[in-house]
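Student: Take this structure first; my questions come after.
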Amino acid sequence: NDLYVAGQQLDSFAARFDTGAATPRSWNGTKYTTISPSDWTIGFFPGSLWLYYQITGDKKYEALAEKYTARIAGNEIRTDTHDLGFIIFCSYGKQQEVKKDSCSAAMVIAASKSLVSRFDPKIGLIRSWDFGDWNYPVIIDNMMNLEMLFWASEYTGDSTYRNVAIKHADRTLENHFRADNTCYHVVSYNNDGSIESKGTYQGYSDDSAWARGQAWALYGYTMCYRYTRYERYLRKAVEVAEMIMNLKDMPEDLVPYWDYNAPGKPDVARDASAAAISASALFELSSLTSDGHSQRYFKYAEDILRSLSSDEYLAAPGDNGDFILKHCTGAAPFKSEVDAPLVYADYYFLEAIKRYLQETK
């Protein structure tokens with residue numbers, strides 16, 4: 001049923017935004033959150049189409065995916081954002097996975113060069129944002145953009161990209177995590193590489209565990225282990241997985257509150273995007289670990305998928321602004337996209353389904 005619904009929603013969404021330059025990233029029940037073609041979420045809708053094509057083999061979605069991916073061209077030369085992995089690798093990277101064409105490879109390599117330009121060798125990290133009062137902010141989300149760099153190194157044989165990714169992952173490992181394996185959202189650095197501050201931007205408080213941030217950490221280190229086989233990355237992925245799976249007040253359906261420490265539970269907004277990202281990461285982690293742990297991660301991810309495929313979270317065809325999942329949270333402190341669909345939740349939901357099907361074949 002979830003694949004049927006996903007297909008219906010993707011069809012309607014693609015038809016609805018057939019002529020514009022950008023696809024929206026959310027919907028509040030009456031209107032869309034419109035975005036520019038440079039928004040960090042612009043790669044997820046084409047990525048969802050590629051994933052759906054990979055799952056179903058239906059050529060219609062390959063054609064749609066190519067069409068929507070082509071709209072993103074131009075972003076690969078930007079040096080003003082760390083989100084190039086999300087923008088380019090979730091779209092052109094997926095196209096490369098499917099078609100192995102030279103156009104998509106060139107796009108991914110150009111974007112990797114642009115991303116590396118934001119790396120400061122003295123600080124040892126890729127700068128995340130160019131706004132705010134921080135000196136050199138680095139957010140946990142940035143871990144997700146490293147996959148593109150690992151891929152670029154493997155494709156070109158140039159180790160520069162990989163070396164930057166490893167340095168970034170190592171420094172994040174050093175400074176982003178607390179003793180209980182939850183992580184900060186934003187760590188900012190002074191120019192000499194010392195810490196300026198540790199805190200949050202989208203979480204409840206500086207010391208709280210913002211749910212999507214924990215999911216980015218789990219996914220990021222699982223992916224880093226896939227590319228490097230460095231034990232330290234596997235160890236961190238496992239520690240974060242165990243932390244998530246052993247949370248005292250995780251809701252029964254395993255879709256987390258938008259922040260683990262948000263007050264007022266159980267009447268707190270959930271974040272289905274954090275659940276989808278975690279499920280996708282745990283399916284991969286289960287394939288990289290052995291013994292009973294592997295089965296536990298698989299089962300936990302499967303249980304999340306079961307919840308997200310229920311009527312509570314899965315939209316009815318034609319409903320929910322043509323997005324697939326309901327009950328996500330974008331940025332609660334700004335009252336932005338709370339209890340709303342999010343385009344990246346749909347992407348990671350489809351990726352989780354794809355990984356589930358690969359593991360159960």
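Residue numbering restarts at 1 in every chain; chains get A, B, ... in the order shown in the structure tokens, and ligands count up from 1 in that same order.
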So that I can see what lies close to A:Met144, please list as a ChimeraX atom specification the residues with an atom at most 9 Å from it, counting only C-alpha atoms and leaving out residues fewer than 6 positions away in the same chain.
Tutor: /A:83,85-86,216-217,219-221,223
Student: Which residues are near A:Tyr300? Cut-off 10 Å, only C-alpha atoms, ignore same chain within fewer than 5 positions. Put them as a PyMOL selection string.
Tutor: chain A and resi 241+245+254+278-279+282-283+286+295+305-306
Student: How close does each residue of stretch 219-296 of chain A get to stretch 309-312 of chain A, giving the shortest atom pair and distance in Å to one decimal for every residue with an atom at most 12 Å away, counting only C-alpha atoms, sorted by chain and residue number, as CSV?
Tutor:
```
residue,atom,partner,partner_atom,distance
A:Asp253,CA,A:Glu312,CA,10.0
A:Val255,CA,A:Glu312,CA,10.8
A:Arg270,CA,A:Glu312,CA,11.6
A:Ala272,CA,A:Glu312,CA,10.6
A:Ala275,CA,A:Ser309,CA,11.7
A:Ala276,CA,A:Ser309,CA,10.6
```
Student: Could you turn the residues from that selection into a file that holds N, CA and C atoms, as a PDB file, in the first residue's frame?
Tutor:
```pdb
ATOM      1  N   ASP A 253       5.122   4.257  18.887  1.00  0.00           N
ATOM      2  CA  ASP A 253       5.193   4.017  17.443  1.00  0.00           C
ATOM      3  C   ASP A 253       6.582   4.334  16.863  1.00  0.00           C
ATOM      4  N   VAL A 255       8.118   7.034  16.354  1.00  0.00           N
ATOM      5  CA  VAL A 255       8.278   8.313  15.653  1.00  0.00           C
ATOM      6  C   VAL A 255       8.567   9.356  16.740  1.00  0.00           C
ATOM      7  N   ARG A 270       5.546  15.598  16.669  1.00  0.00           N
ATOM      8  CA  ARG A 270       6.469  14.526  16.287  1.00  0.00           C
ATOM      9  C   ARG A 270       7.280  14.964  15.078  1.00  0.00           C
ATOM     10  N   ALA A 272       8.293  12.892  11.799  1.00  0.00           N
ATOM     11  CA  ALA A 272       8.375  11.696  10.947  1.00  0.00           C
ATOM     12  C   ALA A 272       9.605  11.730  10.045  1.00  0.00           C
ATOM     13  N   ALA A 275      12.290  10.035  11.951  1.00  0.00           N
ATOM     14  CA  ALA A 275      12.018   8.589  11.959  1.00  0.00           C
ATOM     15  C   ALA A 275      12.445   7.952  10.636  1.00  0.00           C
ATOM     16  N   ALA A 276      12.124   8.599   9.525  1.00  0.00           N
ATOM     17  CA  ALA A 276      12.457   8.048   8.203  1.00  0.00           C
ATOM     18  C   ALA A 276      13.968   7.986   7.987  1.00  0.00           C
TER      19      ALA A 276
END
```
Student: What lies within 8 Å of stretch 61-69 of chain A using only C-alpha atoms, ignoring chain neighbours under 2 positions off, as a VMD selection string?
Tutor: chain A and resid 14 43 45 to 47 49 to 50 52 to 53 58 to 59 71 to 73 91 to 92 95
Student: Extract, using only C-alpha atoms, all DNA, RNA and protein residues at most 8 Å from stretch 195-210 of chain A, discarding same-chain residues fewer than 4 positions from it, and format them as a ChimeraX atom specification.
Tutor: /A:134-135,176,182-190,214,258-262,331-334
Student: From a DSSP calculation on the backbone, collect every residue of stretch 83-324 of chain A in strand (DSSP E) and output the set as a ChimeraX atom specification.
Tutor: /A:119-120,125-126,137-139,186-189,195-199
Student: Could you turn the residues from that selection into a file that holds N, CA, C and O atoms, as a PDB file, in the first residue's frame?
Tutor:
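Generated output (part.pdb):
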```
ATOM      1  N   PHE A 119      36.110  24.270   3.032  1.00  0.00           N
ATOM      2  CA  PHE A 119      36.905  23.574   4.055  1.00  0.00           C
ATOM      3  C   PHE A 119      38.066  24.469   4.490  1.00  0.00           C
ATOM      4  O   PHE A 119      38.798  25.000   3.666  1.00  0.00           O
ATOM      5  N   ASP A 120      38.209  24.636   5.807  1.00  0.00           N
ATOM      6  CA  ASP A 120      39.331  25.390   6.356  1.00  0.00           C
ATOM      7  C   ASP A 120      40.320  24.403   6.972  1.00  0.00           C
ATOM      8  O   ASP A 120      40.014  23.771   7.985  1.00  0.00           O
ATOM      9  N   LEU A 125      37.425  21.586   9.207  1.00  0.00           N
ATOM     10  CA  LEU A 125      36.000  21.343   8.984  1.00  0.00           C
ATOM     11  C   LEU A 125      35.479  22.163   7.814  1.00  0.00           C
ATOM     12  O   LEU A 125      36.032  23.205   7.474  1.00  0.00           O
ATOM     13  N   ILE A 126      34.395  21.681   7.230  1.00  0.00           N
ATOM     14  CA  ILE A 126      33.671  22.431   6.204  1.00  0.00           C
ATOM     15  C   ILE A 126      32.726  23.385   6.934  1.00  0.00           C
ATOM     16  O   ILE A 126      31.977  22.969   7.819  1.00  0.00           O
ATOM     17  N   PRO A 137      30.407  28.319  12.118  1.00  0.00           N
ATOM     18  CA  PRO A 137      29.453  27.304  12.575  1.00  0.00           C
ATOM     19  C   PRO A 137      29.520  26.020  11.756  1.00  0.00           C
ATOM     20  O   PRO A 137      29.668  26.054  10.530  1.00  0.00           O
ATOM     21  N   VAL A 138      29.424  24.900  12.463  1.00  0.00           N
ATOM     22  CA  VAL A 138      29.376  23.583  11.827  1.00  0.00           C
ATOM     23  C   VAL A 138      28.186  22.840  12.425  1.00  0.00           C
ATOM     24  O   VAL A 138      28.088  22.701  13.647  1.00  0.00           O
ATOM     25  N   ILE A 139      27.260  22.399  11.581  1.00  0.00           N
ATOM     26  CA  ILE A 139      26.067  21.722  12.087  1.00  0.00           C
ATOM     27  C   ILE A 139      26.155  20.220  11.812  1.00  0.00           C
ATOM     28  O   ILE A 139      26.813  19.794  10.869  1.00  0.00           O
ATOM     29  N   VAL A 186      24.714  22.756  16.639  1.00  0.00           N
ATOM     30  CA  VAL A 186      25.709  23.690  16.095  1.00  0.00           C
ATOM     31  C   VAL A 186      26.929  23.759  17.008  1.00  0.00           C
ATOM     32  O   VAL A 186      26.793  24.053  18.204  1.00  0.00           O
ATOM     33  N   VAL A 187      28.105  23.510  16.461  1.00  0.00           N
ATOM     34  CA  VAL A 187      29.354  23.791  17.176  1.00  0.00           C
ATOM     35  C   VAL A 187      30.089  24.827  16.345  1.00  0.00           C
ATOM     36  O   VAL A 187      30.295  24.628  15.136  1.00  0.00           O
ATOM     37  N   SER A 188      30.440  25.945  16.984  1.00  0.00           N
ATOM     38  CA  SER A 188      31.160  26.986  16.253  1.00  0.00           C
ATOM     39  C   SER A 188      32.605  27.050  16.742  1.00  0.00           C
ATOM     40  O   SER A 188      32.885  26.819  17.915  1.00  0.00           O
ATOM     41  N   TYR A 189      33.490  27.384  15.808  1.00  0.00           N
ATOM     42  CA  TYR A 189      34.936  27.364  16.083  1.00  0.00           C
ATOM     43  C   TYR A 189      35.542  28.752  15.944  1.00  0.00           C
ATOM     44  O   TYR A 189      35.096  29.573  15.137  1.00  0.00           O
ATOM     45  N   ILE A 195      37.119  25.828  20.275  1.00  0.00           N
ATOM     46  CA  ILE A 195      35.643  25.911  20.260  1.00  0.00           C
ATOM     47  C   ILE A 195      35.173  27.300  20.691  1.00  0.00           C
ATOM     48  O   ILE A 195      35.586  27.806  21.724  1.00  0.00           O
ATOM     49  N   GLU A 196      34.308  27.885  19.891  1.00  0.00           N
ATOM     50  CA  GLU A 196      33.675  29.161  20.266  1.00  0.00           C
ATOM     51  C   GLU A 196      32.413  28.898  21.081  1.00  0.00           C
ATOM     52  O   GLU A 196      32.192  29.501  22.123  1.00  0.00           O
ATOM     53  N   SER A 197      31.567  27.993  20.612  1.00  0.00           N
ATOM     54  CA  SER A 197      30.313  27.708  21.325  1.00  0.00           C
ATOM     55  C   SER A 197      29.730  26.378  20.862  1.00  0.00           C
ATOM     56  O   SER A 197      30.047  25.893  19.772  1.00  0.00           O
ATOM     57  N   LYS A 198      28.876  25.804  21.726  1.00  0.00           N
ATOM     58  CA  LYS A 198      28.125  24.594  21.369  1.00  0.00           C
ATOM     59  C   LYS A 198      26.669  24.872  21.692  1.00  0.00           C
ATOM     60  O   LYS A 198      26.356  25.313  22.795  1.00  0.00           O
ATOM     61  N   GLY A 199      25.774  24.625  20.740  1.00  0.00           N
ATOM     62  CA  GLY A 199      24.377  24.940  21.010  1.00  0.00           C
ATOM     63  C   GLY A 199      23.435  24.410  19.953  1.00  0.00           C
ATOM     64  O   GLY A 199      23.701  23.394  19.316  1.00  0.00           O
TER      65      GLY A 199
END
```
Student: Compile the contact shell of A:Thr329 as a ChimeraX atom specification: residues with an atom at most 8 Å away, counting only C-alpha atoms, same-chain residues fewer than 5 positions apart removed.
Tutor: /A:258,269-273,336-342
Student: Restricting the output to C-alpha atoms, write the selected residues as a short mmCIF file (atom, residue, chain, number, x, y, z; two decimals), in the first residue's frame.
Tutor:
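See selection19.cif below for the written result:
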```
data_model
loop_
_atom_site.label_atom_id
_atom_site.label_comp_id
_atom_site.auth_asym_id
_atom_site.auth_seq_id
_atom_site.Cartn_x
_atom_site.Cartn_y
_atom_site.Cartn_z
CA TRP A 258 10.73 16.76 17.46
CA ALA A 269 4.84 17.57 17.83
CA ARG A 270 6.47 14.53 16.29
CA ASP A 271 9.02 14.41 13.51
CA ALA A 272 8.38 11.70 10.95
CA SER A 273 11.38 12.97 8.98
CA SER A 336 7.97 26.79 10.90
CA GLU A 337 6.64 23.60 9.27
CA VAL A 338 5.32 22.10 12.51
CA ASP A 339 3.11 19.01 12.10
CA ALA A 340 3.50 19.33 8.34
CA PRO A 341 4.79 17.20 5.47
CA LEU A 342 8.42 17.71 4.43
#
```
Student: Smallest atom-to-atom distance to A:Glu252: which of A:Leu288, A:Leu314, A:Ala179, A:Ile304, using only C-alpha atoms?
Tutor: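 Closest to A:Glu252, using only C-alpha atoms: A:Ile304.
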Student: Taking only C-alpha atoms into account, which of A:Pro256, A:Pro24, A:Gly57, A:Pro317 comes nearest A:Trp40?
Tutor: A:Pro24
Student: Please provide as a PyMOL selection string all residues within 7 Å of A:Asp192, with the sequence filter that same-chain residues fewer than 2 positions apart are discarded (counting only C-alpha atoms).
Tutor: chain A and resi 122-123+190+194
Student: Taking all heavy atoms for each residue, export the selection above as a PDB file, in the first residue's frame.
Tutor:
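Result saved to selection.pdb:
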```
ATOM      1  N   LYS A 122      42.947  24.733   8.736  1.00  0.00           N
ATOM      2  CA  LYS A 122      43.368  25.017  10.111  1.00  0.00           C
ATOM      3  C   LYS A 122      42.310  24.541  11.113  1.00  0.00           C
ATOM      4  O   LYS A 122      42.614  23.975  12.153  1.00  0.00           O
ATOM      5  CB  LYS A 122      43.629  26.513  10.285  1.00  0.00           C
ATOM      6  CG  LYS A 122      44.271  26.837  11.622  1.00  0.00           C
ATOM      7  CD  LYS A 122      44.944  28.182  11.634  1.00  0.00           C
ATOM      8  CE  LYS A 122      45.735  28.313  12.947  1.00  0.00           C
ATOM      9  NZ  LYS A 122      46.286  29.659  13.098  1.00  0.00           N
ATOM     10  N   ILE A 123      41.047  24.769  10.775  1.00  0.00           N
ATOM     11  CA  ILE A 123      39.947  24.354  11.661  1.00  0.00           C
ATOM     12  C   ILE A 123      39.634  22.869  11.439  1.00  0.00           C
ATOM     13  O   ILE A 123      39.217  22.162  12.351  1.00  0.00           O
ATOM     14  CB  ILE A 123      38.707  25.247  11.419  1.00  0.00           C
ATOM     15  CG1 ILE A 123      39.055  26.700  11.805  1.00  0.00           C
ATOM     16  CG2 ILE A 123      37.502  24.773  12.229  1.00  0.00           C
ATOM     17  CD1 ILE A 123      37.975  27.718  11.483  1.00  0.00           C
ATOM     18  N   ASN A 190      36.599  28.990  16.728  1.00  0.00           N
ATOM     19  CA  ASN A 190      37.430  30.174  16.525  1.00  0.00           C
ATOM     20  C   ASN A 190      38.396  29.884  15.379  1.00  0.00           C
ATOM     21  O   ASN A 190      38.561  28.740  14.967  1.00  0.00           O
ATOM     22  CB  ASN A 190      38.211  30.509  17.805  1.00  0.00           C
ATOM     23  CG  ASN A 190      37.260  30.838  18.955  1.00  0.00           C
ATOM     24  OD1 ASN A 190      36.385  31.681  18.809  1.00  0.00           O
ATOM     25  ND2 ASN A 190      37.428  30.151  20.077  1.00  0.00           N
ATOM     26  N   SER A 194      39.927  26.328  18.015  1.00  0.00           N
ATOM     27  CA  SER A 194      39.329  26.081  19.335  1.00  0.00           C
ATOM     28  C   SER A 194      37.823  26.311  19.262  1.00  0.00           C
ATOM     29  O   SER A 194      37.320  26.921  18.320  1.00  0.00           O
ATOM     30  CB  SER A 194      39.970  26.983  20.391  1.00  0.00           C
ATOM     31  OG  SER A 194      39.754  28.350  20.058  1.00  0.00           O
TER      32      SER A 194
END
```
Student: Can you pull out every residue within 12 Å of A:Asp2, counting only C-alpha atoms, but drop anything in the same chain fewer than 2 positions away, and send it as a list of chain:residue names?
Tutor: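 Returned residues: A:Tyr4, A:Val5, A:Ala6, A:Gly7, A:Gln8, A:Gln9, A:Leu10, A:Tyr52, A:Leu305, A:Arg306, A:Ser307, A:Leu308, A:Ser309, A:Ser310, A:Asp311, A:Tyr313, A:Leu314, A:Ala315, A:Ala316, A:Pro317, A:Ile324, A:Leu325, A:Asp346, A:Phe349, A:Leu350, A:Ala352, A:Ile353, A:Lys354.
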Student: From the DSSP assignment of the backbone, select every residue of stretch 188-286 of chain A that is helix (DSSP H, G or I), and format the answer as number ranges by chain.
Tutor: A: 211-228, 231-245, 272-286
Student: I need the residue nearest A:Leu146 from this list: A:Arg78, A:Lys167, A:Arg212, A:Arg16. Use only C-alpha atoms for the distance.
Tutor: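 Using only C-alpha atoms, the shortest distance to A:Leu146 belongs to A:Lys167.
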Student: Could you check how far atom CA of A:Val343 sits from atom CA of A:Lys326, in Å to one decimal?
Tutor: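 Value for the atom CA of A:Val343-atom CA of A:Lys326 distance: 10.5 Å.
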Student: Would you mind telling me which residue in A:Asn163, A:Asn142, A:Gln358, A:Ser117 lies nearest to A:Ile77 when using only C-alpha atoms?
Tutor: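 Looking only at the distances to A:Ile77, the closest residue turns out to be A:Ser117.
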